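To keep things clear, I will list the structure first and then write my remarks on it.
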Amino acid sequence: MSASDTSIVWFRHDLRLADHPALVAAAKRGGPVIPVFIWAPEEEGKWAAGAASRWWLHRSLKSLSESLDSLGMRLTIRRGPSLAAIQAIAAETGADAVYWNRRYEPAIVLRDTKIKSTLKSGGLHVESFNGACLFEPSIIKNKQGKPFQVFSAFWRSCLSLPEPTTPIRRPSKLVAPKTWPKRLTVEALGLEPRVDWAGGIREAWKIGEAAAGQQLKRFVSGGAAGYLTGRDRPDRAGTSRLSPYLHFGELSPRQAWHSVRRRQSDMPPGDAEDSMACFLRELGWREFAYHLLVHFPHTVNEPLRDQFRAFPWGHDDAALAAWQRGQTGYPVVDAGMRELWTTGWMHNRVRMVVASFLVKHLLVDWRAGAAWFWDTLVDADLANNTLGWQWVAGCGADAAPYFRIFNPILQGRKFDPGGDYVRKWAPELAALPTKWIHAPWETPPSVLETAGIRLGRAYPKPIVDHATARKRALAALAESRQG
DNA sequence: TTTTGAGTTGTTCGA
DNA sequence: GTCGAACAACTCAAA
């Protein structure tokens with residue numbers, strides 16, 4: 001060990017102090033700790049944080065910074081390139097060790113590998129940790145030693161391993177250096193939009209580690225018991241709403257896992273206990289997404305199934321724009337797209353419906369949808385986004401069979417039976433009786449008149465006919481198989 | 001190596 | 001209105 005024993009902790013997608021292996025490792029050395037964040041979007045390539053993510057990141061950094069301040073510490077914020085920034089901070093502070101928790105996005109893995117070897121050959125001690133997954137993605141293999149491509153088998157294999165370790169507490173003591181290195185303010189990174197479009201997001205979310213913990217607590221003591229069926233209802237608050245916290249690492253999956261497990265063990269067998277298992281399985285899907293991202297990194301841009309490379313995706317810009325703005329004429333689809341635009345989030349059930357509509361009814365390339373989600377979701381996560389879109393499009397791992405095409409009318413009636421979700425996000429339809437709320441174009445003229453709605457004016461007519469679009473999608477698949 | 005069973009979230013059609 | 005089968009064929013995972 002060198003004379004300095006000062007450590008740099010490089011914060012990335014782990015903007016928390018509890019259950020933070022890298023921070024704990026640095027604290028354990030007993031010497032000064034320099035917490036660092038580096039803004040380097042150019043190193044993320046095409047998948048640099050979108051507008052909604054940057055908005056969230058701004059607040060998350062403020063929150064982390066305040067938490068560190070209250071411990072007598074400082075968050076040292078710099079701009080990239082990351083390697084140069086770390087080298088500079090090490091030189092300024094005399095730090096001899098650098099710790100971080102791993103990320104798994106392909107561009108980041110390449111970058112971090114290079115940074116690690118360069119720092120090591122410069123004489124620094126460098127160590128990385130798993131702070132983002134329940135099971136390290138690279139260790140899960142099938143009996144042939146290959147990565148799984150089917151969820152059930154993957155998850156069975158994970159569950160046969162020792163249970164994820166319990167979360168570690170935040171370090172009780174962190175030592176500050178004698179002098180702090182120069183740093184930028186969060187504001188200087190320019191993450192916030194120049195025009196304030198984020199009012200709806202601001203109202204919908206509280207940001208930071210404390211808020212993440214409160215949301216977890218609220219979910220575990222409340223909605224989790226009804227998760228099995230409640231999670232499918234966009235008109236109710238039945239989902240966990242933990243996704244953005246998990247993405248930015250304000251919450252670790254281990255914290256969520258053990259919090260739910262503790263509650264589950266208190267319960268008699270039955271619906272509530274099944275609901276807990278159902279939620280844990282959803283955490284499993286997140287694990288599967290990271291597993292696929294690590295083993296099939298090309299899938300962020302290309303279909304996993306080769307035969308889909310030839311699929312005749314259309315490039316209908318008008319249709320894409322109508323979808324993005326929530327003007328397709330299908331109420332559930334439009335409600336979802338507007339919820340997304342307003343709050344930076346969309347209910348999971350509705351994500352499937354809108355994605356299926358874009359890819360199958362409109363035949364637009366799934367990558368256009370993935371890009372829109374990437375820019376507008378506060379929980380945009382490369383692993384989850386890639387898996388989700390390829391699943392819907394039918395070109396990914398364990399994908400929905402292509403002939404499985406969501407019917408937006410039936411989905412609406414089934415999962416938003418009272419029409420409350422539609423009325424909330426498409427208020428121009430609010431006066432429609434529930435019977436017609438999911439298919440306004442079928443509404444008798446007299447009913448439309450009473451409700452004061454003129455189709456094609458106040459609310460658009462459907463941009464495609466469901467039955468026609470469905471047949472077209474099936475035909476496109478058949479054709480691409482022959483060709 | 002070959003075989004066998006299985007595979008998140010649906011829809012439509014005909015009885 | 002309800003029910004079961006068909007929808008296509010393929011690939012994965014394990015025996």
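Following the order of the structure tokens, chains are lettered A, B, ..., residues in each are numbered from 1, and ligands are numbered from 1.
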Exercise for the section: Can you check which residues of chain B have any atom within 9 Å of chain A? Use only C-alpha atoms (C1' of nucleotides) and format it as an MDAnalysis selection string. Expected result: chainID B and resid 7:11
Problem - DA14 in chain C environment, 12 Å, only C-alpha atoms (C1' of nucleotides), sequence neighbours closer than 2 positions dropped, as an NGL selection string - result: (:A and (142-144 or 153)) or (:B and (3-6)) or (:C and (12))
Go ahead and write the selection's residues with N, CA and C atoms (P, O5', C5', C4', C3', O3' and C1' of nucleotides) as a compact mmCIF listing (two decimals), in the first residue's frame.
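What landed in result_6.txt:
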# COMPACT_ATOMS: atom_id res chain seq x y z
N ASN A 142 -25.79 -21.69 -19.37
CA ASN A 142 -26.54 -22.95 -19.41
C ASN A 142 -25.56 -24.14 -19.34
N LYS A 143 -26.10 -25.35 -19.45
CA LYS A 143 -25.26 -26.54 -19.24
C LYS A 143 -24.18 -26.67 -20.30
N GLN A 144 -24.41 -26.05 -21.44
CA GLN A 144 -23.39 -26.07 -22.49
C GLN A 144 -22.38 -24.93 -22.34
N ALA A 153 -35.67 -20.52 -18.30
CA ALA A 153 -34.49 -21.31 -17.98
C ALA A 153 -33.43 -20.43 -17.29
P DT B 3 -33.38 -38.13 -33.88
O5' DT B 3 -34.07 -37.87 -32.48
C5' DT B 3 -33.87 -38.80 -31.41
C4' DT B 3 -34.62 -38.30 -30.19
C3' DT B 3 -36.02 -37.74 -30.50
O3' DT B 3 -36.91 -38.29 -29.56
C1' DT B 3 -34.74 -36.13 -29.33
P DT B 4 -38.47 -38.16 -29.79
O5' DT B 4 -38.86 -37.25 -28.55
C5' DT B 4 -38.26 -37.48 -27.27
C4' DT B 4 -38.54 -36.28 -26.40
C3' DT B 4 -39.90 -35.64 -26.68
O3' DT B 4 -40.60 -35.50 -25.46
C1' DT B 4 -38.19 -34.00 -26.73
P DG B 5 -42.12 -35.19 -25.48
O5' DG B 5 -42.16 -33.97 -24.48
C5' DG B 5 -41.23 -33.91 -23.40
C4' DG B 5 -41.09 -32.47 -22.96
C3' DG B 5 -42.41 -31.69 -23.03
O3' DG B 5 -42.51 -30.95 -21.82
C1' DG B 5 -40.75 -30.59 -24.32
P DA B 6 -43.74 -30.00 -21.57
O5' DA B 6 -43.04 -28.58 -21.71
C5' DA B 6 -41.71 -28.41 -21.22
C4' DA B 6 -41.27 -27.02 -21.57
C3' DA B 6 -42.41 -26.00 -21.55
O3' DA B 6 -41.95 -24.84 -20.90
C1' DA B 6 -41.36 -25.98 -23.67
P DC C 12 -31.16 -20.71 -30.67
O5' DC C 12 -31.49 -21.01 -29.14
C5' DC C 12 -32.45 -20.19 -28.47
C4' DC C 12 -32.98 -20.94 -27.29
C3' DC C 12 -31.90 -21.55 -26.41
O3' DC C 12 -32.13 -21.11 -25.09
C1' DC C 12 -33.56 -23.16 -26.93
Problem - Those of range 37-101 of chain A in DSSP alpha helix (DSSP H), formatted as a ChimeraX atom specification - result: /A:51-70,82-93
Exercise for the section: May I ask you to extract the residues of chain C within 12 Å of chain A, using only C-alpha atoms (C1' of nucleotides), and to give them as a PyMOL selection string? Expected result: chain C and resi 6-15
Practice task
Quick one: everything within 12 Å of Gly190 in chain A, counting only C-alpha atoms (C1' of nucleotides), minus sequence neighbours fewer than 3 positions away in the same chain. Send it as a VMD selection string.
Solution key: chain A and resid 39 41 51 54 to 55 57 to 59 79 184 to 187 193 to 194
Writer output for current selection, C-alpha atoms, as a tab-separated table (two decimals), in the first residue's frame:
chain	number	residue	atom	x	y	z
A	39	TRP	CA	-20.21	13.93	-17.43
A	41	PRO	CA	-22.04	11.80	-23.02
A	51	ALA	CA	-33.66	14.63	-22.57
A	54	ARG	CA	-30.71	14.28	-18.31
A	55	TRP	CA	-33.46	16.12	-16.48
A	57	LEU	CA	-29.80	13.09	-13.67
A	58	HIS	CA	-29.54	16.80	-12.86
A	59	ARG	CA	-31.74	16.33	-9.80
A	79	ARG	CA	-16.50	16.84	-17.66
A	184	LEU	CA	-18.00	22.08	-11.51
A	185	THR	CA	-21.49	22.78	-10.25
A	186	VAL	CA	-24.29	20.47	-11.37
A	187	GLU	CA	-25.79	23.44	-13.22
A	193	PRO	CA	-33.67	21.98	-20.75
A	194	ARG	CA	-33.50	25.65	-21.77
Handout entry: Nearby residues (only C-alpha atoms (C1' of nucleotides)) at most 9 Å from Val109 in chain A, same-chain spacing under 6 positions excluded, as a PyMOL selection string
Key = chain A and resi 102-103+294
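The interatomic distance for the pair CA of Gln307 in chain A and CA of Ala368 in chain A works out to 19.1 Å.
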Problem - For CA of Phe415 in chain A and CA of Arg233 in chain A, the interatomic separation in Å (one decimal) - result: 5.3 Å
